[in-house]
Structures are given as structure tokens and as C-alpha cells.
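J.: Can you read through this structure? Questions will come right after.
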Amino acid sequence: MESIDRGALDAYLDGLLPARPAHFAEMERYAAEKSFPVIGPQAGRVLSQFAALVGGRRFFEMGSGFGYSACWLLEGAPGARIICTDTSPENETLARKWLTQGGCWDRVDFRVADALAELKKSEHDYDLIYNDVDKEAYPDVFKLALERLAPGGLLISDNVLWKGRVADRSITDAATCAIREYNRLMFETADVQSVIIPVRDGLGVTRCVSE
Ligand SMILES: C[S@@+](CC[C@H](N)C(=O)[O-])C[C@H]1O[C@@H](n2cnc3c(N)ncnc32)[C@H](O)[C@@H]1O
């Protein structure tokens, strides 16, 4: 089988993307400098697209970092509000700066807290839940998020390919096993429809089809 040079393909795809507004570019530069794992512009545009398509107003983000992925979600859905969660207060400070610059901080409720605990105690259902927390928690996130999705709502998780490690059965560390379990749940749980989009490190997209 012809093998694909993933680096060359990514460079090609990145080259197709239009220039981003200054705050996106600054966040990307900061992430590169600090080796902070943001979702990047290819997957960011997928988030933006789904945020637009889901047509809802209430979003919840688990593991917001300094707000880069939230920026993409809010760009796609100008009528939506988002609860962001991250355990780091420094990330909230950075998110406030850049999302203010991007004109969307007034639609953000940033909570410095454990994402699962915040979602569990939330009284609302959400049109879109985006998950990017520590990978060991992914199976718990799946079960919890399904209880908090509105009918037709989307759960999107980053890193479901985990740089290909999910496909290598000799790799059995906790993070890889948890993502494998998450992927199994996506396809074996009733009343949901799931796809994996192999953009960047893989986005798992699950739609709640129950009433
Ligand atoms: C990969 S980074 C997030 C990047 C961000 N989603 C983006 O693409 O711009 C993961 C973040 O999740 C946070 N995190 C990990 N586990 C968490 C948890 N259980 N609750 C809240 N935040 C968590 C970390 O502090 C880190 O900032």
C-alpha cells in the first residue's frame, strides 16, 4: 500500500488555510513557544463548522487551556455562550486577554475547576460539549457528557487517535487504554451516532439521537 507522508500532508493542508485574525495567530505562536498542545487551525475549523451546524446556544468546554479552541467554537456560533473549564488560573488570565481581543469574552463563563465536577453539578443540557481533558478521564467524560447533552447535541473529543498509539496493541499505558475505551464507547453505546474524523490527532464526534 502506498504510504502517506503525514508531515507533508499537514503542511499542504495548513498551506490551504486563510490567515487567521491577530489573536488566533498570537495564541498559535504562544502555544508553539511553550509547547502547549492546542487543537491547531485545521481541527479548530472543524470545531467552528460543527458549532455552526449544531445551531444551538449553550456550549460546555472541558479542558479549555488558554481559550484557543473556545475561540474557534464561538467564531462558528455567534449566538452561543460557552462555559470554559480549566484547572489552571494562569490559563484563565491568558484566555481573558485573547478572547477579549477577539471580542467574545462576554460570551464566556470561565471556571477554574475540574471539568467533570463542573459538568456533573451543572443543571443544564448542552448543544455542544467539547472535551480535551487529561486522557485517563475520557471514559468517565463520555458517560457524564451523554447525560448532559440536549437531543441532537454533539460531544466532540480531541486526540482520539493519540498519534496512532490506539492502533498499536503493544501500547498499554493508562492514557492510551482510556482513549481506546472511549472509542469503543462511541461506537457501542445505544442512542448515539459517532464518527472519528482523522484530522490532526483525531476528533471523535458523537451525536445524541435520543429524545
Ligand atoms: C490539551 S490542553 C487544552 C487545549 C485547548 N482545548 C485548545 O485546544 O486550545 C488540556 C488542558 O486541560 C486542562 N485539564 C486537564 N484535565 C482537566 C480537568 N479534569 N478539568 C479541567 N481542566 C483540565 C489542562 O490544564 C490543560 O490546560
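Scheme for the C-alpha cells: letters A, B, ... for chains in order shown; per-chain residue numbers from 1; ligand numbers from 1 in order shown.
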Would you write out, as JSON lines, a table of all residues in chain A that have an atom no more than 7 Å from an atom of ligand 1, listing for each the closest atom pair and the distance in Å to one decimal, considering only C-alpha atoms and all ligand atoms and ordering rows by chain and rising residue number?

T.:
{"residue": "A:Pro37", "atom": "CA", "partner": "ligand 1", "partner_atom_place_in_ligand_line": "1 (C)", "distance": 4.8}
{"residue": "A:Val38", "atom": "CA", "partner": "ligand 1", "partner_atom_place_in_ligand_line": "8 (O)", "distance": 3.5}
{"residue": "A:Ile39", "atom": "CA", "partner": "ligand 1", "partner_atom_place_in_ligand_line": "8 (O)", "distance": 3.7}
{"residue": "A:Gly40", "atom": "CA", "partner": "ligand 1", "partner_atom_place_in_ligand_line": "8 (O)", "distance": 6.7}
{"residue": "A:Met62", "atom": "CA", "partner": "ligand 1", "partner_atom_place_in_ligand_line": "21 (C)", "distance": 5.9}
{"residue": "A:Gly63", "atom": "CA", "partner": "ligand 1", "partner_atom_place_in_ligand_line": "12 (O)", "distance": 3.3}
{"residue": "A:Ser64", "atom": "CA", "partner": "ligand 1", "partner_atom_place_in_ligand_line": "6 (N)", "distance": 4.3}
{"residue": "A:Gly65", "atom": "CA", "partner": "ligand 1", "partner_atom_place_in_ligand_line": "27 (O)", "distance": 3.5}
{"residue": "A:Phe66", "atom": "CA", "partner": "ligand 1", "partner_atom_place_in_ligand_line": "9 (O)", "distance": 6.1}
{"residue": "A:Gly67", "atom": "CA", "partner": "ligand 1", "partner_atom_place_in_ligand_line": "9 (O)", "distance": 5.3}
{"residue": "A:Tyr68", "atom": "CA", "partner": "ligand 1", "partner_atom_place_in_ligand_line": "9 (O)", "distance": 3.8}
{"residue": "A:Ser69", "atom": "CA", "partner": "ligand 1", "partner_atom_place_in_ligand_line": "9 (O)", "distance": 4.0}
{"residue": "A:Ala70", "atom": "CA", "partner": "ligand 1", "partner_atom_place_in_ligand_line": "9 (O)", "distance": 6.8}
{"residue": "A:Thr85", "atom": "CA", "partner": "ligand 1", "partner_atom_place_in_ligand_line": "21 (C)", "distance": 5.3}
{"residue": "A:Asp86", "atom": "CA", "partner": "ligand 1", "partner_atom_place_in_ligand_line": "22 (N)", "distance": 3.5}
{"residue": "A:Thr87", "atom": "CA", "partner": "ligand 1", "partner_atom_place_in_ligand_line": "22 (N)", "distance": 4.5}
{"residue": "A:Ser88", "atom": "CA", "partner": "ligand 1", "partner_atom_place_in_ligand_line": "25 (O)", "distance": 5.4}
{"residue": "A:Asn91", "atom": "CA", "partner": "ligand 1", "partner_atom_place_in_ligand_line": "27 (O)", "distance": 6.8}
{"residue": "A:Ala113", "atom": "CA", "partner": "ligand 1", "partner_atom_place_in_ligand_line": "21 (C)", "distance": 5.7}
{"residue": "A:Asp114", "atom": "CA", "partner": "ligand 1", "partner_atom_place_in_ligand_line": "20 (N)", "distance": 3.6}
{"residue": "A:Ala115", "atom": "CA", "partner": "ligand 1", "partner_atom_place_in_ligand_line": "20 (N)", "distance": 3.8}
{"residue": "A:Leu116", "atom": "CA", "partner": "ligand 1", "partner_atom_place_in_ligand_line": "19 (N)", "distance": 6.0}
{"residue": "A:Asp132", "atom": "CA", "partner": "ligand 1", "partner_atom_place_in_ligand_line": "6 (N)", "distance": 5.2}
{"residue": "A:Val133", "atom": "CA", "partner": "ligand 1", "partner_atom_place_in_ligand_line": "16 (N)", "distance": 3.8}
{"residue": "A:Asp134", "atom": "CA", "partner": "ligand 1", "partner_atom_place_in_ligand_line": "16 (N)", "distance": 4.2}

J.: Excluding range 145-150 of chain A and its own-chain neighbours fewer than 3 positions away, which residues fall within 7 Å of it when counting only C-alpha atoms? Please give them as a list in words.

T.: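 Listed by chain and then number, they are His124, Asp125, Tyr126, Asp127, Val141, Phe142, Gly153 and Cys208 of chain A.
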
J.: For Asp10 in chain A, find every residue with an atom within 12 Å (counting only C-alpha atoms), except residues of its own chain fewer than 3 positions away, and show them as a PyMOL selection string.

T.: chain A and resi 4-7+13-17+40-43+198-201

J.: Which one is closest to Leu154 in chain A: A:Thr172, A:Thr206, A:Asn183, A:Gln101? Count only C-alpha atoms.

T.: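 Answer, going by the shortest atom-to-atom distance: A:Thr206.
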
J.: What parts of range 17-111 of chain A does DSSP call strand (DSSP E or B)? I'd like the answer as JSON, numbers by chain.

T.: {"A": [58, 59, 60, 61, 62, 81, 82, 83, 84, 85, 86, 108, 109, 110, 111]}

J.: Calculate how many Å separate CA of Ile156 in chain A from CA of Ala178 in chain A, rounding to one decimal.

T.: 15.8 Å

J.: Given the choices A:Pro18, A:Val195, A:Thr189, A:Gly202, which gets closest to Asn159 in chain A if the distance is worked out from only C-alpha atoms?

T.: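 Of A:Pro18, A:Val195, A:Thr189, A:Gly202, the one nearest Asn159 in chain A, counting only C-alpha atoms, is A:Gly202.
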
J.: List the spatial neighbours of Leu74 in chain A as a list in words - criterion: any atom at most 9 Å away, only C-alpha atoms, same-chain residues fewer than 6 positions off excluded.

T.: Ser48, Ala51, Ala52, Ala80, Arg81, Ile82, Cys104 and Arg107 of chain A

J.: Could you tell me, as a ChimeraX atom specification, which residues of range 77-126 of chain A DSSP assigns to helix (DSSP H, G or I) when given the backbone?

T.: /A:89-101,105-107,115-121

J.: I need the residues from that last selection saved to file as a PDB file, in the first residue's frame (with N, CA and C atoms), if you can.

T.:
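Ended up saving to result02.pdb:
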ATOM      1  N   PRO A  89      -5.355  28.659  36.891  1.00  0.00           N
ATOM      2  CA  PRO A  89      -5.747  30.076  36.887  1.00  0.00           C
ATOM      3  C   PRO A  89      -4.947  30.899  35.883  1.00  0.00           C
ATOM      4  N   GLU A  90      -3.693  30.500  35.611  1.00  0.00           N
ATOM      5  CA  GLU A  90      -2.888  31.241  34.615  1.00  0.00           C
ATOM      6  C   GLU A  90      -3.557  31.141  33.240  1.00  0.00           C
ATOM      7  N   ASN A  91      -4.146  29.984  32.946  1.00  0.00           N
ATOM      8  CA  ASN A  91      -4.819  29.840  31.652  1.00  0.00           C
ATOM      9  C   ASN A  91      -6.044  30.748  31.566  1.00  0.00           C
ATOM     10  N   GLU A  92      -6.733  30.935  32.682  1.00  0.00           N
ATOM     11  CA  GLU A  92      -7.885  31.849  32.645  1.00  0.00           C
ATOM     12  C   GLU A  92      -7.433  33.272  32.317  1.00  0.00           C
ATOM     13  N   THR A  93      -6.323  33.699  32.936  1.00  0.00           N
ATOM     14  CA  THR A  93      -5.816  35.053  32.683  1.00  0.00           C
ATOM     15  C   THR A  93      -5.490  35.242  31.197  1.00  0.00           C
ATOM     16  N   LEU A  94      -4.820  34.238  30.620  1.00  0.00           N
ATOM     17  CA  LEU A  94      -4.472  34.336  29.196  1.00  0.00           C
ATOM     18  C   LEU A  94      -5.730  34.308  28.325  1.00  0.00           C
ATOM     19  N   ALA A  95      -6.677  33.444  28.691  1.00  0.00           N
ATOM     20  CA  ALA A  95      -7.916  33.345  27.903  1.00  0.00           C
ATOM     21  C   ALA A  95      -8.662  34.676  27.926  1.00  0.00           C
ATOM     22  N   ARG A  96      -8.697  35.302  29.092  1.00  0.00           N
ATOM     23  CA  ARG A  96      -9.388  36.594  29.212  1.00  0.00           C
ATOM     24  C   ARG A  96      -8.757  37.610  28.242  1.00  0.00           C
ATOM     25  N   LYS A  97      -7.416  37.618  28.216  1.00  0.00           N
ATOM     26  CA  LYS A  97      -6.731  38.583  27.341  1.00  0.00           C
ATOM     27  C   LYS A  97      -7.099  38.337  25.864  1.00  0.00           C
ATOM     28  N   TRP A  98      -6.965  37.079  25.425  1.00  0.00           N
ATOM     29  CA  TRP A  98      -7.117  36.836  23.989  1.00  0.00           C
ATOM     30  C   TRP A  98      -8.584  36.818  23.546  1.00  0.00           C
ATOM     31  N   LEU A  99      -9.467  36.329  24.402  1.00  0.00           N
ATOM     32  CA  LEU A  99     -10.872  36.317  23.986  1.00  0.00           C
ATOM     33  C   LEU A  99     -11.483  37.710  24.055  1.00  0.00           C
ATOM     34  N   THR A 100     -10.919  38.567  24.916  1.00  0.00           N
ATOM     35  CA  THR A 100     -11.337  39.975  24.906  1.00  0.00           C
ATOM     36  C   THR A 100     -10.878  40.609  23.596  1.00  0.00           C
ATOM     37  N   GLN A 101      -9.622  40.331  23.257  1.00  0.00           N
ATOM     38  CA  GLN A 101      -9.081  40.844  21.986  1.00  0.00           C
ATOM     39  C   GLN A 101      -9.935  40.367  20.799  1.00  0.00           C
ATOM     40  N   TRP A 105     -15.194  37.588  24.844  1.00  0.00           N
ATOM     41  CA  TRP A 105     -15.086  37.241  26.269  1.00  0.00           C
ATOM     42  C   TRP A 105     -16.434  37.379  26.984  1.00  0.00           C
ATOM     43  N   ASP A 106     -17.285  38.280  26.487  1.00  0.00           N
ATOM     44  CA  ASP A 106     -18.601  38.475  27.135  1.00  0.00           C
ATOM     45  C   ASP A 106     -19.520  37.269  26.939  1.00  0.00           C
ATOM     46  N   ARG A 107     -19.122  36.320  26.117  1.00  0.00           N
ATOM     47  CA  ARG A 107     -19.943  35.106  25.939  1.00  0.00           C
ATOM     48  C   ARG A 107     -19.326  33.899  26.656  1.00  0.00           C
ATOM     49  N   ALA A 115     -13.201  19.912  35.254  1.00  0.00           N
ATOM     50  CA  ALA A 115     -14.248  19.949  34.235  1.00  0.00           C
ATOM     51  C   ALA A 115     -15.368  18.947  34.521  1.00  0.00           C
ATOM     52  N   LEU A 116     -14.989  17.757  34.996  1.00  0.00           N
ATOM     53  CA  LEU A 116     -16.019  16.723  35.215  1.00  0.00           C
ATOM     54  C   LEU A 116     -16.919  17.127  36.384  1.00  0.00           C
ATOM     55  N   ALA A 117     -16.306  17.681  37.436  1.00  0.00           N
ATOM     56  CA  ALA A 117     -17.104  18.099  38.598  1.00  0.00           C
ATOM     57  C   ALA A 117     -18.055  19.225  38.203  1.00  0.00           C
ATOM     58  N   GLU A 118     -17.559  20.174  37.382  1.00  0.00           N
ATOM     59  CA  GLU A 118     -18.428  21.291  36.954  1.00  0.00           C
ATOM     60  C   GLU A 118     -19.585  20.802  36.096  1.00  0.00           C
ATOM     61  N   LEU A 119     -19.277  19.880  35.187  1.00  0.00           N
ATOM     62  CA  LEU A 119     -20.346  19.378  34.311  1.00  0.00           C
ATOM     63  C   LEU A 119     -21.370  18.582  35.118  1.00  0.00           C
ATOM     64  N   LYS A 120     -20.851  17.811  36.074  1.00  0.00           N
ATOM     65  CA  LYS A 120     -21.749  16.975  36.901  1.00  0.00           C
ATOM     66  C   LYS A 120     -22.728  17.852  37.680  1.00  0.00           C
ATOM     67  N   LYS A 121     -22.248  18.967  38.214  1.00  0.00           N
ATOM     68  CA  LYS A 121     -23.140  19.771  39.051  1.00  0.00           C
ATOM     69  C   LYS A 121     -23.993  20.755  38.229  1.00  0.00           C
TER      70      LYS A 121
END

J.: To one decimal in Å, tell me the separation between CA of Leu185 in chain A and CA of Asp158 in chain A.

T.: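 Between CA of Leu185 in chain A and CA of Asp158 in chain A the gap is 15.0 Å.
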